[in-house]
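Some notes on the structure that comes next.
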Amino acid sequence: MIKALKGMKDTLFPENEKYSYFIENTSKIVQKYGFSFIETPILEETALFKRSVGESSDIVGKEMYQFIDKGKKDVCLRPEGTAGIVRAFVEAKMDRQGGVKRFFYYGPMFRYERPQKGRLRQFHQFGCESFGESNPLEDANIIIMIKEILDFFDVNYTLELNSLGCPTCLPPFREKLVAFLETTEGFCEDCLRRKSTNPIRVFDCKNPHCQTLLEPAPRLNDALCQECESDFNTLLTTLKQAKIAYTLNPNLVRGLDYYSKTAFEFVSTDLGAQNAVAGGGRYDKLVEFLDGRATPAIGFAIGIERIMDMIKLPDTNREGYYFGALTPEAQTALFQAAHKQREHGKVMQSYEIKSLKAHLKGADKAHARYCAVIGEDELQNNTLWVKDLVEKTEEMRPLN
Ligand code: HAM
């Protein structure tokens, strides 16, 4: 039997209902904040991710689903959404239109990682990207919006924050860090590689020995320039005023190289080892880096599989009608009634003649709100028996 590839899974019932429930409600929340839907291709030129996410990152360095297509182009399945959105933004010349543009998207992403609980090779993200706003109030607004999403789904989380500096303060800090790394022995191979590719990524090393060695290392938050420090302070003050709790995490450097200034992650204690439910930050230089006109930007993505593990579908999410006949004679009247009811919404009809108990079970399985049946008595009286499976009430309705 042919099976799904390792780290890839089908979205079957009831996960499919949860997926739709999540997309529908999250889309509504982000639209309130001015984000509108955008979709970009799943397949892109590999160079896009090399230039944006960065060759030093694990995502590009080790985890890409990359191949040469029939036209001899080096392409890959997108490992994340931001780079494609920025490419589309520049390609459609939106960088030349000025003003603020906000987009949301969702869909599959691909990373050839070692699969484990909460870590898949094909997973889904819901992301938002905001272009043209450099004010740190936008950073706060986005964090408040994510909190609204997580609160809506009753998800527990803590918010971790850091500032990754900018082209003014990062290069001198990088030099200091490299000098420290060169005079300290015992770092793992990955850290030694990062020293020459992207040194601040050493803070993300999971090796406990490297973390001990890093204790006396210089820290970026002590080296921020005036603008980065002032923006970060505005963000922190705004979050405090909005009563959003956060933890400052100087080791939070994110796994993608395009970030500057604000970086954040929402982690949940309900998730185990892969505990990041959402992550994002500012990437003020990326549009320019992908040949666009300089445009500040910030965004984030939620891991849909991770949040789905924590979402409980409310009973009221039951939707529509389930129609079933108790006798063969009732089938025609039922078929017509189901069509009539479909003018008002969703109706699922069972063509099997079954007992009331079996139909109620069928309605429950179909996640319907109402179970409607016609038997001998109903047919004679021209009525439909309806049970509300949420309120647990029953009534007899005239068939017409
Ligand atoms: P990321 O932190 O790489 O950021 O991914 C965002 C979220 O996707 C993670 O917090 C996690 O919930 C989920 N995720 C990542 N890898 C996996 C995996 N292998 N299996 C399941 N879930 C996973 C980005 O991708 C950035 N593009 C976010 C962003 C948007 N930054 C600015 N704008």
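In the structure tokens, each chain is lettered A, B, ... as it comes, each chain's residues begin at 1, and ligands are numbered from 1 in order of appearance.
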Long-range neighbours of region 55-58 of chain A as a compact mmCIF listing (two decimals) with N, CA, C and O atoms, in the first residue's frame, 12 Å cut-off, only C-alpha atoms, 4 positions minimum in chain:
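Ended up saving to out_21.txt:
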# COMPACT_ATOMS: atom_id res chain seq x y z
N THR A 46 14.77 28.95 -6.11
CA THR A 46 15.55 28.71 -4.89
C THR A 46 16.28 29.97 -4.44
O THR A 46 16.41 30.24 -3.24
N ALA A 47 16.73 30.77 -5.43
CA ALA A 47 17.49 31.98 -5.12
C ALA A 47 16.71 32.92 -4.19
O ALA A 47 17.31 33.62 -3.37
N LEU A 48 15.38 32.90 -4.29
CA LEU A 48 14.56 33.79 -3.45
C LEU A 48 14.82 33.51 -1.97
O LEU A 48 14.99 34.43 -1.17
N PHE A 49 14.86 32.24 -1.61
CA PHE A 49 15.03 31.89 -0.20
C PHE A 49 16.49 32.00 0.23
O PHE A 49 16.78 32.31 1.37
N LYS A 50 17.40 31.74 -0.73
CA LYS A 50 18.83 31.89 -0.40
C LYS A 50 19.09 33.34 -0.02
O LYS A 50 19.81 33.64 0.92
N ARG A 51 18.48 34.27 -0.79
CA ARG A 51 18.75 35.68 -0.56
C ARG A 51 18.00 36.24 0.64
O ARG A 51 18.44 37.20 1.24
N LYS A 62 19.92 23.25 5.04
CA LYS A 62 19.75 21.80 5.20
C LYS A 62 18.36 21.26 4.85
O LYS A 62 18.19 20.06 4.70
N GLU A 63 17.34 22.15 4.81
CA GLU A 63 15.98 21.60 4.85
C GLU A 63 15.12 21.85 3.63
O GLU A 63 13.92 21.62 3.66
N MET A 64 15.73 22.32 2.54
CA MET A 64 14.89 22.69 1.39
C MET A 64 14.51 21.49 0.53
O MET A 64 15.34 20.61 0.28
N PRO A 79 9.70 27.08 1.96
CA PRO A 79 9.83 26.64 3.35
C PRO A 79 9.12 27.59 4.32
O PRO A 79 8.97 27.29 5.50
N ARG A 111 9.61 21.79 4.93
CA ARG A 111 10.98 21.79 5.46
C ARG A 111 11.38 20.34 5.70
O ARG A 111 10.66 19.61 6.39
N TYR A 112 12.52 19.94 5.14
CA TYR A 112 12.97 18.56 5.31
C TYR A 112 13.65 18.44 6.68
O TYR A 112 14.86 18.41 6.79
N GLU A 113 12.80 18.41 7.73
CA GLU A 113 13.31 18.32 9.11
C GLU A 113 13.13 16.89 9.60
O GLU A 113 12.47 16.08 8.97
N ASP A 190 28.38 23.48 14.48
CA ASP A 190 27.39 24.41 13.93
C ASP A 190 27.73 25.85 14.31
O ASP A 190 27.65 26.76 13.48
N CYS A 191 28.14 26.05 15.58
CA CYS A 191 28.47 27.40 16.04
C CYS A 191 29.70 27.92 15.29
O CYS A 191 29.76 29.10 14.92
N LEU A 192 30.67 27.03 15.04
CA LEU A 192 31.89 27.46 14.32
C LEU A 192 31.53 27.89 12.90
O LEU A 192 32.05 28.86 12.38
N ARG A 193 30.58 27.16 12.31
CA ARG A 193 30.12 27.52 10.97
C ARG A 193 29.40 28.87 11.01
O ARG A 193 29.62 29.75 10.19
N ARG A 194 28.55 29.04 12.04
CA ARG A 194 27.79 30.29 12.15
C ARG A 194 28.70 31.49 12.36
O ARG A 194 28.37 32.60 11.95
N LYS A 195 29.85 31.25 13.01
CA LYS A 195 30.80 32.34 13.29
C LYS A 195 31.13 33.09 11.99
O LYS A 195 31.22 34.31 11.98
N SER A 196 31.28 32.33 10.89
CA SER A 196 31.63 33.02 9.65
C SER A 196 30.41 33.34 8.79
O SER A 196 30.50 34.17 7.88
N THR A 197 29.26 32.70 9.03
CA THR A 197 28.10 33.00 8.18
C THR A 197 27.20 34.06 8.84
O THR A 197 27.00 35.14 8.30
N ASN A 198 26.67 33.75 10.02
CA ASN A 198 25.79 34.71 10.71
C ASN A 198 25.99 34.51 12.22
O ASN A 198 25.26 33.75 12.86
N PRO A 199 27.01 35.20 12.79
CA PRO A 199 27.42 34.89 14.17
C PRO A 199 26.31 34.98 15.23
O PRO A 199 26.32 34.18 16.17
N ILE A 200 25.33 35.91 15.06
CA ILE A 200 24.35 36.02 16.16
C ILE A 200 23.50 34.75 16.31
O ILE A 200 22.88 34.52 17.34
N ARG A 201 23.52 33.90 15.26
CA ARG A 201 22.75 32.65 15.35
C ARG A 201 23.32 31.69 16.39
O ARG A 201 22.65 30.72 16.76
N VAL A 202 24.55 31.97 16.88
CA VAL A 202 25.10 31.07 17.91
C VAL A 202 24.22 31.08 19.16
O VAL A 202 24.12 30.08 19.87
N ASP A 204 21.20 30.83 19.32
CA ASP A 204 20.09 29.90 19.12
C ASP A 204 20.53 28.44 19.29
O ASP A 204 19.72 27.53 19.17
N CYS A 205 21.84 28.22 19.57
CA CYS A 205 22.34 26.84 19.64
C CYS A 205 21.68 26.08 20.79
O CYS A 205 21.54 26.60 21.89
N VAL A 253 16.92 34.74 18.54
CA VAL A 253 17.47 35.35 17.31
C VAL A 253 16.72 34.89 16.07
O VAL A 253 16.97 35.35 14.98
N ARG A 254 15.76 33.94 16.22
CA ARG A 254 14.96 33.43 15.12
C ARG A 254 15.81 32.64 14.12
O ARG A 254 17.00 32.83 14.01
N GLY A 255 15.13 31.74 13.40
CA GLY A 255 15.87 30.83 12.51
C GLY A 255 16.00 31.35 11.09
O GLY A 255 16.40 30.62 10.20
N LEU A 256 15.59 32.59 10.84
CA LEU A 256 15.64 33.15 9.48
C LEU A 256 16.46 34.44 9.56
O LEU A 256 16.35 35.19 10.53
N ASP A 257 17.27 34.67 8.52
CA ASP A 257 18.25 35.76 8.62
C ASP A 257 17.72 37.15 8.32
O ASP A 257 18.44 38.13 8.46
N TYR A 258 16.45 37.28 7.87
CA TYR A 258 16.03 38.60 7.39
C TYR A 258 15.59 39.58 8.46
O TYR A 258 15.24 40.71 8.15
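When DSSP is run on the backbone, the residues of region 267-308 of chain A that fall into alpha helix (DSSP H) are Leu286, Val287, Glu288, Phe289, Ile304, Glu305, Arg306, Ile307 and Met308 of chain A.
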Original post:
Within 7 Å of ligand 1, counting only C-alpha atoms and all ligand atoms: which residues, as a PyMOL selection string?
Top reply: chain A and resi 80-82+111+113+118-125+127-129+254-256+265+276-283+298-306
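Closest approach to Ala223 (chain A) among A:Lys285, A:Lys240, A:Arg174, A:Lys361: A:Arg174, based on only C-alpha atoms.
What separates CA of Asp10 (chain A) from CA of Gly107 (chain A) is a distance of 13.6 Å.
Using only C-alpha atoms, the nearest neighbour of Ile143 (chain A) within the list A:Ser268, A:Gln66, A:Gln31, A:Thr238 is A:Thr238.
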**OP:** Would you please work out which residue, of A:Gln274, A:Thr237, A:Thr332, A:Thr247, is nearest to Arg114 (chain A) when using only C-alpha atoms?
**Re:** A:Gln274
**OP:** Apply DSSP to the backbone of this structure and, from region 227-264 of chain A, keep only the residues in strand (DSSP E or B); write these as a ChimeraX atom specification.
**Re:** /A:247-248,262-264
Store the residues picked out above, limited to all heavy atoms, as a PDB file, in the first residue's frame.
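In the end it all went to result.pdb:
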ATOM      1  N   THR A 247       8.280  38.229  28.196  1.00  0.00           N
ATOM      2  CA  THR A 247       9.580  37.938  28.787  1.00  0.00           C
ATOM      3  C   THR A 247      10.622  38.397  27.788  1.00  0.00           C
ATOM      4  O   THR A 247      10.477  38.123  26.585  1.00  0.00           O
ATOM      5  CB  THR A 247       9.754  36.403  28.949  1.00  0.00           C
ATOM      6  OG1 THR A 247       8.563  35.875  29.499  1.00  0.00           O
ATOM      7  CG2 THR A 247      10.914  36.055  29.853  1.00  0.00           C
ATOM      8  N   LEU A 248      11.658  39.077  28.274  1.00  0.00           N
ATOM      9  CA  LEU A 248      12.739  39.460  27.366  1.00  0.00           C
ATOM     10  C   LEU A 248      13.670  38.262  27.248  1.00  0.00           C
ATOM     11  O   LEU A 248      14.105  37.712  28.260  1.00  0.00           O
ATOM     12  CB  LEU A 248      13.488  40.681  27.912  1.00  0.00           C
ATOM     13  CG  LEU A 248      12.654  41.958  27.994  1.00  0.00           C
ATOM     14  CD1 LEU A 248      13.488  43.114  28.529  1.00  0.00           C
ATOM     15  CD2 LEU A 248      12.075  42.325  26.618  1.00  0.00           C
ATOM     16  N   THR A 262      12.608  44.363  16.136  1.00  0.00           N
ATOM     17  CA  THR A 262      11.755  43.466  16.936  1.00  0.00           C
ATOM     18  C   THR A 262      11.728  42.016  16.425  1.00  0.00           C
ATOM     19  O   THR A 262      11.488  41.772  15.235  1.00  0.00           O
ATOM     20  CB  THR A 262      10.298  43.975  16.894  1.00  0.00           C
ATOM     21  OG1 THR A 262      10.305  45.350  17.252  1.00  0.00           O
ATOM     22  CG2 THR A 262       9.401  43.193  17.831  1.00  0.00           C
ATOM     23  N   ALA A 263      11.945  41.074  17.360  1.00  0.00           N
ATOM     24  CA  ALA A 263      11.740  39.647  17.054  1.00  0.00           C
ATOM     25  C   ALA A 263      10.903  39.079  18.194  1.00  0.00           C
ATOM     26  O   ALA A 263      11.101  39.469  19.352  1.00  0.00           O
ATOM     27  CB  ALA A 263      13.075  38.920  16.969  1.00  0.00           C
ATOM     28  N   PHE A 264       9.958  38.203  17.869  1.00  0.00           N
ATOM     29  CA  PHE A 264       9.117  37.658  18.945  1.00  0.00           C
ATOM     30  C   PHE A 264       8.680  36.229  18.658  1.00  0.00           C
ATOM     31  O   PHE A 264       8.667  35.791  17.502  1.00  0.00           O
ATOM     32  CB  PHE A 264       7.886  38.545  19.182  1.00  0.00           C
ATOM     33  CG  PHE A 264       7.003  38.712  17.975  1.00  0.00           C
ATOM     34  CD1 PHE A 264       6.048  37.772  17.643  1.00  0.00           C
ATOM     35  CD2 PHE A 264       7.143  39.826  17.148  1.00  0.00           C
ATOM     36  CE1 PHE A 264       5.245  37.922  16.521  1.00  0.00           C
ATOM     37  CE2 PHE A 264       6.345  39.984  16.015  1.00  0.00           C
ATOM     38  CZ  PHE A 264       5.400  39.029  15.712  1.00  0.00           C
TER      39      PHE A 264
END
**OP:** Using only C-alpha atoms, determine which residues lie at most 12 Å from Glu227 (chain A), disregarding the query and same-chain residues fewer than 5 positions distant; provide the list as a PyMOL selection string.
**Re:** chain A and resi 134-136+163+165-169+232-234+261
Just N, CA and C atoms for this one: save the residues we selected as a PDB file, in the first residue's frame.
ATOM      1  N   SER A 134       6.920  52.032   9.752  1.00  0.00           N
ATOM      2  CA  SER A 134       8.119  51.827  10.585  1.00  0.00           C
ATOM      3  C   SER A 134       7.826  52.092  12.057  1.00  0.00           C
ATOM      4  N   ASN A 135       6.652  52.665  12.348  1.00  0.00           N
ATOM      5  CA  ASN A 135       6.312  53.006  13.732  1.00  0.00           C
ATOM      6  C   ASN A 135       6.213  51.732  14.589  1.00  0.00           C
ATOM      7  N   PRO A 136       6.904  51.685  15.749  1.00  0.00           N
ATOM      8  CA  PRO A 136       6.831  50.473  16.593  1.00  0.00           C
ATOM      9  C   PRO A 136       5.429  50.194  17.135  1.00  0.00           C
ATOM     10  N   SER A 163      15.228  42.453  20.634  1.00  0.00           N
ATOM     11  CA  SER A 163      15.485  43.351  19.510  1.00  0.00           C
ATOM     12  C   SER A 163      16.786  42.897  18.870  1.00  0.00           C
ATOM     13  N   GLY A 165      18.488  44.606  16.536  1.00  0.00           N
ATOM     14  CA  GLY A 165      19.311  45.716  16.046  1.00  0.00           C
ATOM     15  C   GLY A 165      19.103  45.984  14.563  1.00  0.00           C
ATOM     16  N   CYS A 166      19.901  46.892  14.036  1.00  0.00           N
ATOM     17  CA  CYS A 166      19.744  47.320  12.638  1.00  0.00           C
ATOM     18  C   CYS A 166      21.127  47.463  12.004  1.00  0.00           C
ATOM     19  N   PRO A 167      21.204  47.850  10.739  1.00  0.00           N
ATOM     20  CA  PRO A 167      22.537  47.959  10.104  1.00  0.00           C
ATOM     21  C   PRO A 167      23.461  48.979  10.767  1.00  0.00           C
ATOM     22  N   THR A 168      22.930  49.828  11.680  1.00  0.00           N
ATOM     23  CA  THR A 168      23.826  50.748  12.397  1.00  0.00           C
ATOM     24  C   THR A 168      24.486  50.036  13.573  1.00  0.00           C
ATOM     25  N   CYS A 169      23.692  49.314  14.367  1.00  0.00           N
ATOM     26  CA  CYS A 169      24.273  48.738  15.591  1.00  0.00           C
ATOM     27  C   CYS A 169      24.697  47.271  15.447  1.00  0.00           C
ATOM     28  N   PHE A 232      12.303  49.941  20.666  1.00  0.00           N
ATOM     29  CA  PHE A 232      12.026  48.760  21.501  1.00  0.00           C
ATOM     30  C   PHE A 232      11.316  49.205  22.785  1.00  0.00           C
ATOM     31  N   ASN A 233      11.766  50.329  23.356  1.00  0.00           N
ATOM     32  CA  ASN A 233      11.124  50.821  24.581  1.00  0.00           C
ATOM     33  C   ASN A 233       9.677  51.237  24.329  1.00  0.00           C
ATOM     34  N   THR A 234       9.422  51.853  23.167  1.00  0.00           N
ATOM     35  CA  THR A 234       8.035  52.226  22.829  1.00  0.00           C
ATOM     36  C   THR A 234       7.171  50.966  22.751  1.00  0.00           C
ATOM     37  N   LYS A 261      15.627  44.645  14.249  1.00  0.00           N
ATOM     38  CA  LYS A 261      14.790  45.200  15.341  1.00  0.00           C
ATOM     39  C   LYS A 261      13.930  44.103  16.006  1.00  0.00           C
TER      40      LYS A 261
END
